Each structure stands twice: as structure tokens, then as C-alpha cells.
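Below is input19.cif, holding mmCIF, N, CA and C atoms.
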data_entry
#
loop_
_atom_site.label_atom_id
_atom_site.label_comp_id
_atom_site.auth_asym_id
_atom_site.auth_seq_id
_atom_site.Cartn_x
_atom_site.Cartn_y
_atom_site.Cartn_z
N MET A 180 -49.73 -26.19 22.80
CA MET A 180 -48.45 -25.96 22.24
C MET A 180 -48.54 -25.21 20.91
N ILE A 181 -49.49 -25.55 20.12
CA ILE A 181 -49.68 -24.85 18.87
C ILE A 181 -50.03 -23.40 19.15
N PHE A 182 -50.77 -23.21 20.19
CA PHE A 182 -51.18 -21.87 20.59
C PHE A 182 -49.97 -21.01 20.96
N GLU A 183 -49.00 -21.58 21.64
CA GLU A 183 -47.81 -20.84 22.03
C GLU A 183 -46.95 -20.46 20.84
N SER A 184 -46.84 -21.30 19.84
CA SER A 184 -45.99 -21.00 18.70
C SER A 184 -46.57 -19.87 17.86
N ARG A 185 -47.88 -19.71 17.88
CA ARG A 185 -48.49 -18.61 17.12
C ARG A 185 -48.20 -17.27 17.75
N HIS A 186 -48.03 -17.21 19.01
CA HIS A 186 -47.81 -15.95 19.71
C HIS A 186 -46.34 -15.69 20.03
N ARG A 187 -45.48 -16.45 19.42
CA ARG A 187 -44.05 -16.26 19.66
C ARG A 187 -43.63 -14.91 19.09
N ARG A 188 -42.82 -14.21 19.81
CA ARG A 188 -42.35 -12.91 19.35
C ARG A 188 -41.05 -13.08 18.60
N PHE A 189 -40.94 -12.39 17.49
CA PHE A 189 -39.72 -12.43 16.71
C PHE A 189 -38.80 -11.31 17.16
N LEU A 190 -37.53 -11.58 17.16
CA LEU A 190 -36.55 -10.56 17.51
C LEU A 190 -36.26 -9.72 16.26
N ALA A 191 -36.46 -8.46 16.38
CA ALA A 191 -36.24 -7.56 15.25
C ALA A 191 -34.89 -6.88 15.33
N GLU A 192 -33.97 -7.46 16.03
CA GLU A 192 -32.63 -6.88 16.16
C GLU A 192 -31.69 -7.51 15.14
N ILE A 193 -30.74 -6.70 14.68
CA ILE A 193 -29.73 -7.20 13.75
C ILE A 193 -28.52 -7.62 14.56
N ASN A 194 -28.06 -8.80 14.30
CA ASN A 194 -26.87 -9.28 14.98
C ASN A 194 -25.66 -8.65 14.29
N ILE A 195 -24.96 -7.78 14.97
CA ILE A 195 -23.89 -6.98 14.40
C ILE A 195 -22.55 -7.68 14.38
N ILE A 196 -22.38 -8.72 15.18
CA ILE A 196 -21.08 -9.40 15.31
C ILE A 196 -20.64 -10.03 13.99
N PRO A 197 -21.48 -10.74 13.25
CA PRO A 197 -21.01 -11.28 11.96
C PRO A 197 -20.66 -10.17 10.96
N LEU A 198 -21.37 -9.06 11.02
CA LEU A 198 -21.08 -7.94 10.13
C LEU A 198 -19.70 -7.36 10.44
N VAL A 199 -19.39 -7.21 11.70
CA VAL A 199 -18.07 -6.70 12.09
C VAL A 199 -16.99 -7.69 11.68
N ASP A 200 -17.23 -8.96 11.81
CA ASP A 200 -16.25 -9.97 11.39
C ASP A 200 -15.95 -9.86 9.89
N VAL A 201 -16.98 -9.72 9.10
CA VAL A 201 -16.80 -9.62 7.65
C VAL A 201 -16.04 -8.34 7.29
N VAL A 202 -16.38 -7.24 7.92
CA VAL A 202 -15.71 -5.97 7.64
C VAL A 202 -14.23 -6.04 8.02
N LEU A 203 -13.92 -6.63 9.15
CA LEU A 203 -12.53 -6.76 9.57
C LEU A 203 -11.74 -7.67 8.64
N VAL A 204 -12.35 -8.75 8.16
CA VAL A 204 -11.67 -9.63 7.21
C VAL A 204 -11.40 -8.89 5.91
N LEU A 205 -12.37 -8.12 5.42
CA LEU A 205 -12.17 -7.35 4.20
C LEU A 205 -11.08 -6.28 4.39
N LEU A 206 -11.08 -5.64 5.54
CA LEU A 206 -10.05 -4.65 5.83
C LEU A 206 -8.67 -5.30 5.82
N LEU A 207 -8.56 -6.45 6.41
CA LEU A 207 -7.29 -7.16 6.44
C LEU A 207 -6.85 -7.56 5.03
N ILE A 208 -7.77 -8.01 4.22
CA ILE A 208 -7.43 -8.39 2.84
C ILE A 208 -6.94 -7.18 2.06
N PHE A 209 -7.62 -6.04 2.17
CA PHE A 209 -7.21 -4.85 1.44
C PHE A 209 -5.88 -4.29 1.96
N MET A 210 -5.66 -4.41 3.25
CA MET A 210 -4.38 -3.92 3.80
C MET A 210 -3.22 -4.76 3.31
N VAL A 211 -3.43 -6.03 3.10
CA VAL A 211 -2.37 -6.91 2.64
C VAL A 211 -2.14 -6.74 1.13
N THR A 212 -3.20 -6.59 0.36
CA THR A 212 -3.05 -6.55 -1.09
C THR A 212 -2.76 -5.15 -1.64
N ALA A 213 -3.09 -4.09 -0.93
CA ALA A 213 -2.89 -2.73 -1.46
C ALA A 213 -1.42 -2.41 -1.74
N PRO A 214 -0.47 -2.74 -0.87
CA PRO A 214 0.93 -2.45 -1.22
C PRO A 214 1.41 -3.21 -2.44
N MET A 215 0.85 -4.35 -2.72
CA MET A 215 1.27 -5.13 -3.88
C MET A 215 0.78 -4.52 -5.19
N LEU A 216 -0.28 -3.74 -5.15
CA LEU A 216 -0.82 -3.16 -6.36
C LEU A 216 0.10 -2.09 -6.95
N HIS A 217 0.84 -1.38 -6.10
CA HIS A 217 1.69 -0.30 -6.56
C HIS A 217 3.13 -0.75 -6.81
N ARG A 218 3.38 -1.97 -6.68
CA ARG A 218 4.72 -2.48 -6.89
C ARG A 218 4.97 -2.60 -8.38
N GLY A 219 6.13 -2.13 -8.80
CA GLY A 219 6.48 -2.18 -10.21
C GLY A 219 7.05 -3.53 -10.59
N ILE A 220 7.54 -3.58 -11.79
CA ILE A 220 8.15 -4.79 -12.30
C ILE A 220 9.59 -4.82 -11.83
N ASP A 221 10.02 -5.95 -11.30
CA ASP A 221 11.40 -6.10 -10.86
C ASP A 221 12.28 -6.38 -12.06
N ILE A 222 13.20 -5.44 -12.33
CA ILE A 222 14.16 -5.64 -13.41
C ILE A 222 15.54 -5.28 -12.90
N THR A 223 16.54 -5.79 -13.55
CA THR A 223 17.91 -5.45 -13.24
C THR A 223 18.42 -4.58 -14.38
N LEU A 224 18.73 -3.34 -14.05
CA LEU A 224 19.19 -2.41 -15.08
C LEU A 224 20.63 -2.69 -15.45
N PRO A 225 20.99 -2.49 -16.71
CA PRO A 225 22.38 -2.69 -17.12
C PRO A 225 23.27 -1.59 -16.54
N ARG A 226 24.54 -1.90 -16.38
CA ARG A 226 25.49 -0.93 -15.83
C ARG A 226 26.14 -0.18 -16.98
N SER A 227 26.53 1.08 -16.68
CA SER A 227 27.17 1.92 -17.68
C SER A 227 28.33 2.65 -17.02
N SER A 228 29.40 2.85 -17.78
CA SER A 228 30.55 3.56 -17.21
C SER A 228 30.34 5.07 -17.21
N SER A 229 29.47 5.56 -18.07
CA SER A 229 29.19 7.00 -18.08
C SER A 229 27.72 7.22 -17.74
N ASN A 230 27.47 8.16 -16.88
CA ASN A 230 26.11 8.47 -16.48
C ASN A 230 25.60 9.57 -17.39
N THR A 231 24.68 9.24 -18.28
CA THR A 231 24.17 10.22 -19.23
C THR A 231 22.99 10.99 -18.69
N ILE A 232 22.37 10.49 -17.64
CA ILE A 232 21.22 11.18 -17.06
C ILE A 232 21.70 11.92 -15.82
N THR A 233 21.57 13.23 -15.84
CA THR A 233 21.96 14.03 -14.68
C THR A 233 20.72 14.54 -13.99
N PRO A 234 20.77 14.69 -12.68
CA PRO A 234 19.62 15.25 -11.99
C PRO A 234 19.42 16.70 -12.40
N ASP A 235 18.19 17.16 -12.27
CA ASP A 235 17.88 18.55 -12.61
C ASP A 235 18.77 19.51 -11.85
N GLU A 236 19.43 20.38 -12.59
CA GLU A 236 20.21 21.42 -11.93
C GLU A 236 19.24 22.52 -11.55
N ARG A 237 19.42 23.02 -10.35
CA ARG A 237 18.55 24.11 -9.92
C ARG A 237 19.37 25.14 -9.19
N LEU A 238 19.00 26.36 -9.42
CA LEU A 238 19.63 27.48 -8.74
C LEU A 238 18.62 28.05 -7.76
N ILE A 239 19.09 28.40 -6.59
CA ILE A 239 18.22 29.06 -5.62
C ILE A 239 18.74 30.48 -5.44
N ILE A 240 17.91 31.43 -5.84
CA ILE A 240 18.25 32.85 -5.70
C ILE A 240 17.49 33.37 -4.49
N SER A 241 18.22 33.97 -3.57
CA SER A 241 17.61 34.53 -2.36
C SER A 241 17.81 36.04 -2.36
N ILE A 242 16.79 36.76 -1.92
CA ILE A 242 16.88 38.20 -1.77
C ILE A 242 16.61 38.51 -0.30
N GLU A 243 17.61 39.09 0.34
CA GLU A 243 17.54 39.39 1.77
C GLU A 243 16.79 40.71 2.00
N PRO A 244 16.43 41.01 3.26
CA PRO A 244 15.71 42.26 3.55
C PRO A 244 16.48 43.52 3.14
N ASP A 245 17.81 43.45 3.13
CA ASP A 245 18.59 44.62 2.68
C ASP A 245 18.77 44.63 1.16
N GLU A 246 17.99 43.80 0.46
CA GLU A 246 17.95 43.65 -0.99
C GLU A 246 19.24 43.08 -1.57
N ALA A 247 20.03 42.41 -0.75
CA ALA A 247 21.21 41.71 -1.24
C ALA A 247 20.76 40.43 -1.92
N ILE A 248 21.42 40.09 -3.03
CA ILE A 248 21.06 38.91 -3.82
C ILE A 248 22.11 37.82 -3.59
N TYR A 249 21.63 36.61 -3.38
CA TYR A 249 22.49 35.45 -3.17
C TYR A 249 22.10 34.36 -4.16
N ILE A 250 23.11 33.69 -4.71
CA ILE A 250 22.88 32.46 -5.45
C ILE A 250 23.46 31.36 -4.58
N GLY A 251 22.60 30.53 -4.04
CA GLY A 251 23.02 29.57 -3.04
C GLY A 251 23.41 30.35 -1.79
N LYS A 252 24.69 30.27 -1.41
CA LYS A 252 25.17 31.02 -0.25
C LYS A 252 26.14 32.12 -0.65
N GLU A 253 26.31 32.33 -1.95
CA GLU A 253 27.25 33.31 -2.46
C GLU A 253 26.53 34.61 -2.81
N ARG A 254 27.02 35.72 -2.24
CA ARG A 254 26.41 37.03 -2.51
C ARG A 254 26.88 37.52 -3.88
N VAL A 255 25.94 38.00 -4.69
CA VAL A 255 26.26 38.50 -6.03
C VAL A 255 25.55 39.83 -6.26
N THR A 256 26.08 40.60 -7.21
CA THR A 256 25.40 41.81 -7.66
C THR A 256 24.43 41.44 -8.77
N ILE A 257 23.71 42.40 -9.26
CA ILE A 257 22.77 42.11 -10.35
C ILE A 257 23.52 41.71 -11.61
N PHE A 258 24.73 42.26 -11.80
CA PHE A 258 25.54 41.89 -12.96
C PHE A 258 26.16 40.51 -12.78
N GLY A 259 26.56 40.20 -11.55
CA GLY A 259 27.05 38.86 -11.25
C GLY A 259 25.95 37.81 -11.40
N LEU A 260 24.73 38.19 -11.06
CA LEU A 260 23.58 37.31 -11.24
C LEU A 260 23.40 36.99 -12.71
N ARG A 261 23.47 38.02 -13.54
CA ARG A 261 23.30 37.83 -14.99
C ARG A 261 24.37 36.86 -15.52
N LYS A 262 25.62 37.04 -15.07
CA LYS A 262 26.72 36.18 -15.52
C LYS A 262 26.50 34.73 -15.09
N ARG A 263 26.14 34.54 -13.82
CA ARG A 263 25.91 33.18 -13.32
C ARG A 263 24.72 32.51 -14.00
N LEU A 264 23.69 33.29 -14.32
CA LEU A 264 22.54 32.73 -15.03
C LEU A 264 22.92 32.31 -16.45
N HIS A 265 23.75 33.12 -17.13
CA HIS A 265 24.25 32.74 -18.46
C HIS A 265 25.02 31.43 -18.39
N GLU A 266 25.90 31.31 -17.39
CA GLU A 266 26.70 30.08 -17.24
C GLU A 266 25.80 28.87 -16.98
N ALA A 267 24.81 29.04 -16.12
CA ALA A 267 23.90 27.93 -15.80
C ALA A 267 23.08 27.53 -17.03
N LYS A 268 22.63 28.51 -17.79
CA LYS A 268 21.84 28.23 -18.99
C LYS A 268 22.70 27.55 -20.05
N ALA A 269 23.97 27.95 -20.16
CA ALA A 269 24.86 27.34 -21.14
C ALA A 269 25.17 25.88 -20.77
N SER A 270 25.34 25.60 -19.49
CA SER A 270 25.66 24.23 -19.08
C SER A 270 24.43 23.32 -19.10
N ASN A 271 23.26 23.88 -18.85
CA ASN A 271 22.03 23.08 -18.86
C ASN A 271 20.88 23.95 -19.33
N PRO A 272 20.39 23.77 -20.55
CA PRO A 272 19.30 24.62 -21.05
C PRO A 272 17.98 24.47 -20.28
N MET A 273 17.84 23.36 -19.53
CA MET A 273 16.60 23.13 -18.78
C MET A 273 16.78 23.42 -17.29
N VAL A 274 17.65 24.36 -16.96
CA VAL A 274 17.92 24.69 -15.57
C VAL A 274 16.67 25.27 -14.91
N SER A 275 16.47 24.94 -13.65
CA SER A 275 15.35 25.47 -12.88
C SER A 275 15.88 26.50 -11.89
N VAL A 276 15.14 27.59 -11.73
CA VAL A 276 15.52 28.65 -10.80
C VAL A 276 14.40 28.81 -9.79
N TYR A 277 14.78 28.83 -8.51
CA TYR A 277 13.82 29.05 -7.43
C TYR A 277 14.18 30.37 -6.76
N LEU A 278 13.21 31.23 -6.63
CA LEU A 278 13.42 32.56 -6.06
C LEU A 278 12.83 32.62 -4.67
N ARG A 279 13.70 32.92 -3.69
CA ARG A 279 13.28 33.12 -2.30
C ARG A 279 13.47 34.59 -1.99
N ALA A 280 12.44 35.27 -1.60
CA ALA A 280 12.55 36.69 -1.30
C ALA A 280 11.87 36.97 0.03
N ASP A 281 12.49 37.85 0.81
CA ASP A 281 11.92 38.26 2.08
C ASP A 281 10.64 39.03 1.80
N SER A 282 9.64 38.85 2.64
CA SER A 282 8.34 39.50 2.41
C SER A 282 8.39 41.01 2.63
N ARG A 283 9.46 41.51 3.23
CA ARG A 283 9.54 42.94 3.53
C ARG A 283 10.22 43.75 2.43
N ILE A 284 10.79 43.10 1.41
CA ILE A 284 11.48 43.88 0.38
C ILE A 284 10.50 44.37 -0.66
N SER A 285 10.94 45.34 -1.45
CA SER A 285 10.04 45.96 -2.43
C SER A 285 9.76 44.99 -3.58
N TYR A 286 8.59 45.13 -4.09
CA TYR A 286 8.14 44.30 -5.21
C TYR A 286 9.00 44.57 -6.45
N GLY A 287 9.46 45.79 -6.59
CA GLY A 287 10.28 46.15 -7.74
C GLY A 287 11.57 45.36 -7.81
N ARG A 288 12.19 45.10 -6.67
CA ARG A 288 13.44 44.33 -6.65
C ARG A 288 13.19 42.89 -7.08
N ILE A 289 12.07 42.32 -6.66
CA ILE A 289 11.72 40.95 -7.06
C ILE A 289 11.50 40.90 -8.56
N VAL A 290 10.79 41.88 -9.09
CA VAL A 290 10.52 41.92 -10.53
C VAL A 290 11.82 42.09 -11.31
N GLN A 291 12.75 42.88 -10.79
CA GLN A 291 14.04 43.08 -11.44
C GLN A 291 14.80 41.75 -11.56
N VAL A 292 14.82 40.97 -10.48
CA VAL A 292 15.50 39.67 -10.52
C VAL A 292 14.77 38.71 -11.45
N MET A 293 13.44 38.69 -11.40
CA MET A 293 12.67 37.82 -12.29
C MET A 293 12.90 38.20 -13.74
N ASP A 294 13.02 39.49 -14.02
CA ASP A 294 13.27 39.96 -15.37
C ASP A 294 14.63 39.48 -15.87
N GLU A 295 15.63 39.49 -15.00
CA GLU A 295 16.96 38.99 -15.38
C GLU A 295 16.89 37.51 -15.73
N VAL A 296 16.15 36.75 -14.94
CA VAL A 296 16.02 35.31 -15.21
C VAL A 296 15.35 35.08 -16.55
N LYS A 297 14.28 35.80 -16.83
CA LYS A 297 13.55 35.63 -18.08
C LYS A 297 14.35 36.15 -19.28
N ARG A 298 15.12 37.21 -19.07
CA ARG A 298 15.93 37.79 -20.15
C ARG A 298 16.98 36.79 -20.63
N ILE A 299 17.52 36.00 -19.73
CA ILE A 299 18.52 34.98 -20.09
C ILE A 299 17.86 33.86 -20.90
N GLY A 300 16.57 33.68 -20.73
CA GLY A 300 15.86 32.62 -21.46
C GLY A 300 15.53 31.41 -20.61
N ILE A 301 15.63 31.55 -19.30
CA ILE A 301 15.28 30.46 -18.40
C ILE A 301 13.78 30.50 -18.17
N GLU A 302 13.13 29.43 -18.56
CA GLU A 302 11.66 29.38 -18.48
C GLU A 302 11.16 28.79 -17.17
N ARG A 303 11.98 28.02 -16.50
CA ARG A 303 11.55 27.36 -15.26
C ARG A 303 11.90 28.23 -14.06
N LEU A 304 10.96 29.03 -13.63
CA LEU A 304 11.15 29.93 -12.50
C LEU A 304 10.06 29.66 -11.48
N GLY A 305 10.47 29.35 -10.28
CA GLY A 305 9.52 29.06 -9.20
C GLY A 305 9.74 30.00 -8.04
N MET A 306 8.67 30.27 -7.32
CA MET A 306 8.73 31.12 -6.13
C MET A 306 8.62 30.22 -4.91
N VAL A 307 9.55 30.41 -3.96
CA VAL A 307 9.56 29.61 -2.73
C VAL A 307 8.80 30.38 -1.66
N THR A 308 7.85 29.72 -1.02
CA THR A 308 7.06 30.33 0.04
C THR A 308 7.02 29.41 1.25
N ASN A 309 6.62 29.94 2.37
CA ASN A 309 6.37 29.15 3.57
C ASN A 309 4.89 28.84 3.64
N PRO A 310 4.52 27.65 4.11
CA PRO A 310 3.10 27.38 4.31
C PRO A 310 2.52 28.33 5.35
N LYS A 311 1.23 28.60 5.23
CA LYS A 311 0.58 29.47 6.21
C LYS A 311 0.74 28.91 7.60
N GLY A 312 1.01 29.80 8.54
CA GLY A 312 1.13 29.39 9.92
C GLY A 312 2.56 29.11 10.35
N THR A 313 3.51 29.16 9.41
CA THR A 313 4.90 28.96 9.80
C THR A 313 5.68 30.24 9.52
N THR A 314 6.71 30.44 10.29
CA THR A 314 7.59 31.57 10.07
C THR A 314 8.95 31.05 9.65
N LEU A 315 9.81 31.94 9.21
CA LEU A 315 11.12 31.52 8.76
C LEU A 315 11.94 30.94 9.90
N GLU A 316 11.71 31.42 11.13
CA GLU A 316 12.45 30.87 12.26
C GLU A 316 12.04 29.44 12.54
N GLU A 317 10.78 29.09 12.25
CA GLU A 317 10.31 27.74 12.52
C GLU A 317 10.83 26.75 11.50
N GLU A 318 11.16 27.21 10.31
CA GLU A 318 11.54 26.31 9.23
C GLU A 318 12.93 26.67 8.75
N SER A 319 13.85 25.73 8.81
CA SER A 319 15.19 25.99 8.31
C SER A 319 15.28 25.50 6.88
N VAL A 320 15.82 26.32 6.01
CA VAL A 320 15.92 25.99 4.60
C VAL A 320 17.38 25.81 4.26
N ASP A 321 17.72 24.69 3.66
CA ASP A 321 19.07 24.40 3.25
C ASP A 321 19.28 24.94 1.85
N LEU A 322 20.24 25.83 1.68
CA LEU A 322 20.47 26.47 0.40
C LEU A 322 21.54 25.78 -0.42
N SER A 323 22.08 24.70 0.03
CA SER A 323 23.15 24.04 -0.73
C SER A 323 22.61 23.17 -1.81
#
C-alpha cells encoding of this file:
Amino acid sequence: MIFESRHRRFLAEINIIPLVDVVLVLLLIFMVTAPMLHRGIDITLPRSSSNTITPDERLIISIEPDEAIYIGKERVTIFGLRKRLHEAKASNPMVSVYLRADSRISYGRIVQVMDEVKRIGIERLGMVTNPKGTTLEEESVDLS
């Protein structure tokens, strides 16, 4: 009997089942606690009769392939654009302007519109583009 115990072979395999159990328990713990980490403090805000915080006003300027300029859905000339930009800047000095231009129009027309925006003193000017792989027909843009 002593002879048999000396020649016993040891199993050199790792039992993976307890490891999987531990990993699944840890996954479950992190899945339960992760949403709680980003939760803010629950407070009840006071009510006010006047709303002093207004959402960012933004203008969307579109330039069509025929080089027509639109603010929202309203067609304007370059002089009408200047007037509307003055009005927007006067009502909100931090107004944001987003420029949508067709890829087929001349670069000069885009620069002309951008120059009008900068001349008024509006510093927040963004260019609207489509992600690669999409066309305008695939993506509908709401201009309101």
C-alpha cells in the first residue's frame, strides 16, 4: 500500500468551474453597483414664477445647391441674413450658429456666410456634416 501511494499520479489540470463561478459573481456585483455610482444627490429644487435660465438659442443657416440661404425654413438674402443675425445677437449675446451647406456649392459662398456671422460678432459657429457612409437622403434633419 505504501508502494502505491508513492506512484500516485497528480492531476495537473486546473478546475475551471470555481473560477467561472467567482467571475460571474463579480460581474453580477459590478452590474448591480455600477448604476448607483453615477446617481446624483436627490434634491427638490425650489419653484420660481419666472424662468431665468433659457436654453441655448441656436440658429441653423442652410445653403442650398442653388446658393439660396435659409435661416431655419425661411429663405433670406445676404442682407436679410445680416439683419436676422443682428437681431439674434441683440436678444442673446451667446447665440450659437450652425451652418449646413451642400457639398456641391462653391467654397466662396460658404466663406461669405461665415464672414457675415463673424462680422456680427457671433463667436459660436459650427459646421454641420453627415457621418461618413451616410447621404442626405438617408438622414432627415429637422430644421425647426
Identify all residues satisfying the PyMOL selection byres ((chain A and resi 271-288) around 6) in the given file; provide them as an MDAnalysis selection string.
-> chainID A and resid 236:244 266:270 289:292 303:307
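Between atom N of A:Thr256 and atom N of A:Asp294 lies a distance of 14.8 Å.
Note that the spacing between atom CA of A:His265 and atom CA of A:Met293 amounts to 14.1 Å.
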From A:Val199, A:Ile299, A:Met215, A:Val204, residue lying nearest A:Arg263 [only C-alpha atoms] |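 Selected residue with least distance to A:Arg263: A:Ile299.
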Grab the atom N of A:Ile248 to atom C of A:Leu260 distance for me, in Å with one decimal place.
->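 Separating atom N of A:Ile248 from atom C of A:Leu260 is a distance of 10.4 Å.
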Save stretch 241-293 of chain A from what I just supplied, as a PDB file, in the first residue's frame, atoms limited to C-alpha atoms.
ATOM      1  CA  SER A 241     -28.592  76.293 -44.612  1.00  0.00           C
ATOM      2  CA  ILE A 242     -27.134  76.914 -48.056  1.00  0.00           C
ATOM      3  CA  GLU A 243     -28.835  75.008 -50.859  1.00  0.00           C
ATOM      4  CA  PRO A 244     -27.172  73.847 -54.112  1.00  0.00           C
ATOM      5  CA  ASP A 245     -28.590  76.904 -55.916  1.00  0.00           C
ATOM      6  CA  GLU A 246     -26.779  79.005 -53.250  1.00  0.00           C
ATOM      7  CA  ALA A 247     -30.041  80.094 -51.627  1.00  0.00           C
ATOM      8  CA  ILE A 248     -29.655  80.896 -47.923  1.00  0.00           C
ATOM      9  CA  TYR A 249     -32.170  79.761 -45.311  1.00  0.00           C
ATOM     10  CA  ILE A 250     -32.432  80.526 -41.611  1.00  0.00           C
ATOM     11  CA  GLY A 251     -34.416  77.613 -40.288  1.00  0.00           C
ATOM     12  CA  LYS A 252     -37.006  77.147 -43.040  1.00  0.00           C
ATOM     13  CA  GLU A 253     -37.190  80.797 -44.082  1.00  0.00           C
ATOM     14  CA  ARG A 254     -35.354  81.875 -47.236  1.00  0.00           C
ATOM     15  CA  VAL A 255     -33.312  85.071 -46.797  1.00  0.00           C
ATOM     16  CA  THR A 256     -30.915  87.176 -48.836  1.00  0.00           C
ATOM     17  CA  ILE A 257     -27.437  88.012 -47.625  1.00  0.00           C
ATOM     18  CA  PHE A 258     -28.783  91.338 -46.322  1.00  0.00           C
ATOM     19  CA  GLY A 259     -31.694  89.606 -44.606  1.00  0.00           C
ATOM     20  CA  LEU A 260     -29.174  87.217 -43.061  1.00  0.00           C
ATOM     21  CA  ARG A 261     -27.207  90.151 -41.667  1.00  0.00           C
ATOM     22  CA  LYS A 262     -30.399  91.651 -40.176  1.00  0.00           C
ATOM     23  CA  ARG A 263     -31.512  88.373 -38.589  1.00  0.00           C
ATOM     24  CA  LEU A 264     -28.034  87.782 -37.160  1.00  0.00           C
ATOM     25  CA  HIS A 265     -28.054  91.284 -35.596  1.00  0.00           C
ATOM     26  CA  GLU A 266     -31.451  90.550 -34.023  1.00  0.00           C
ATOM     27  CA  ALA A 267     -30.287  87.181 -32.681  1.00  0.00           C
ATOM     28  CA  LYS A 268     -27.088  88.687 -31.261  1.00  0.00           C
ATOM     29  CA  ALA A 269     -29.047  91.520 -29.621  1.00  0.00           C
ATOM     30  CA  SER A 270     -31.507  89.131 -27.965  1.00  0.00           C
ATOM     31  CA  ASN A 271     -28.824  86.656 -26.854  1.00  0.00           C
ATOM     32  CA  PRO A 272     -25.106  87.544 -26.964  1.00  0.00           C
ATOM     33  CA  MET A 273     -24.178  83.849 -26.612  1.00  0.00           C
ATOM     34  CA  VAL A 274     -26.207  82.678 -29.615  1.00  0.00           C
ATOM     35  CA  SER A 275     -24.895  79.617 -31.459  1.00  0.00           C
ATOM     36  CA  VAL A 276     -24.983  79.370 -35.249  1.00  0.00           C
ATOM     37  CA  TYR A 277     -24.824  76.087 -37.140  1.00  0.00           C
ATOM     38  CA  LEU A 278     -24.024  76.216 -40.845  1.00  0.00           C
ATOM     39  CA  ARG A 279     -25.315  73.482 -43.155  1.00  0.00           C
ATOM     40  CA  ALA A 280     -24.058  73.749 -46.715  1.00  0.00           C
ATOM     41  CA  ASP A 281     -24.475  71.464 -49.686  1.00  0.00           C
ATOM     42  CA  SER A 282     -21.178  69.878 -50.719  1.00  0.00           C
ATOM     43  CA  ARG A 283     -21.666  70.987 -54.328  1.00  0.00           C
ATOM     44  CA  ILE A 284     -21.738  74.751 -53.729  1.00  0.00           C
ATOM     45  CA  SER A 285     -18.711  76.987 -54.080  1.00  0.00           C
ATOM     46  CA  TYR A 286     -16.394  77.496 -51.165  1.00  0.00           C
ATOM     47  CA  GLY A 287     -16.621  81.253 -51.673  1.00  0.00           C
ATOM     48  CA  ARG A 288     -20.327  81.310 -50.810  1.00  0.00           C
ATOM     49  CA  ILE A 289     -19.678  79.417 -47.564  1.00  0.00           C
ATOM     50  CA  VAL A 290     -16.903  81.838 -46.638  1.00  0.00           C
ATOM     51  CA  GLN A 291     -19.207  84.785 -47.417  1.00  0.00           C
ATOM     52  CA  VAL A 292     -21.843  83.481 -44.989  1.00  0.00           C
ATOM     53  CA  MET A 293     -19.218  82.668 -42.344  1.00  0.00           C
TER      54      MET A 293
END
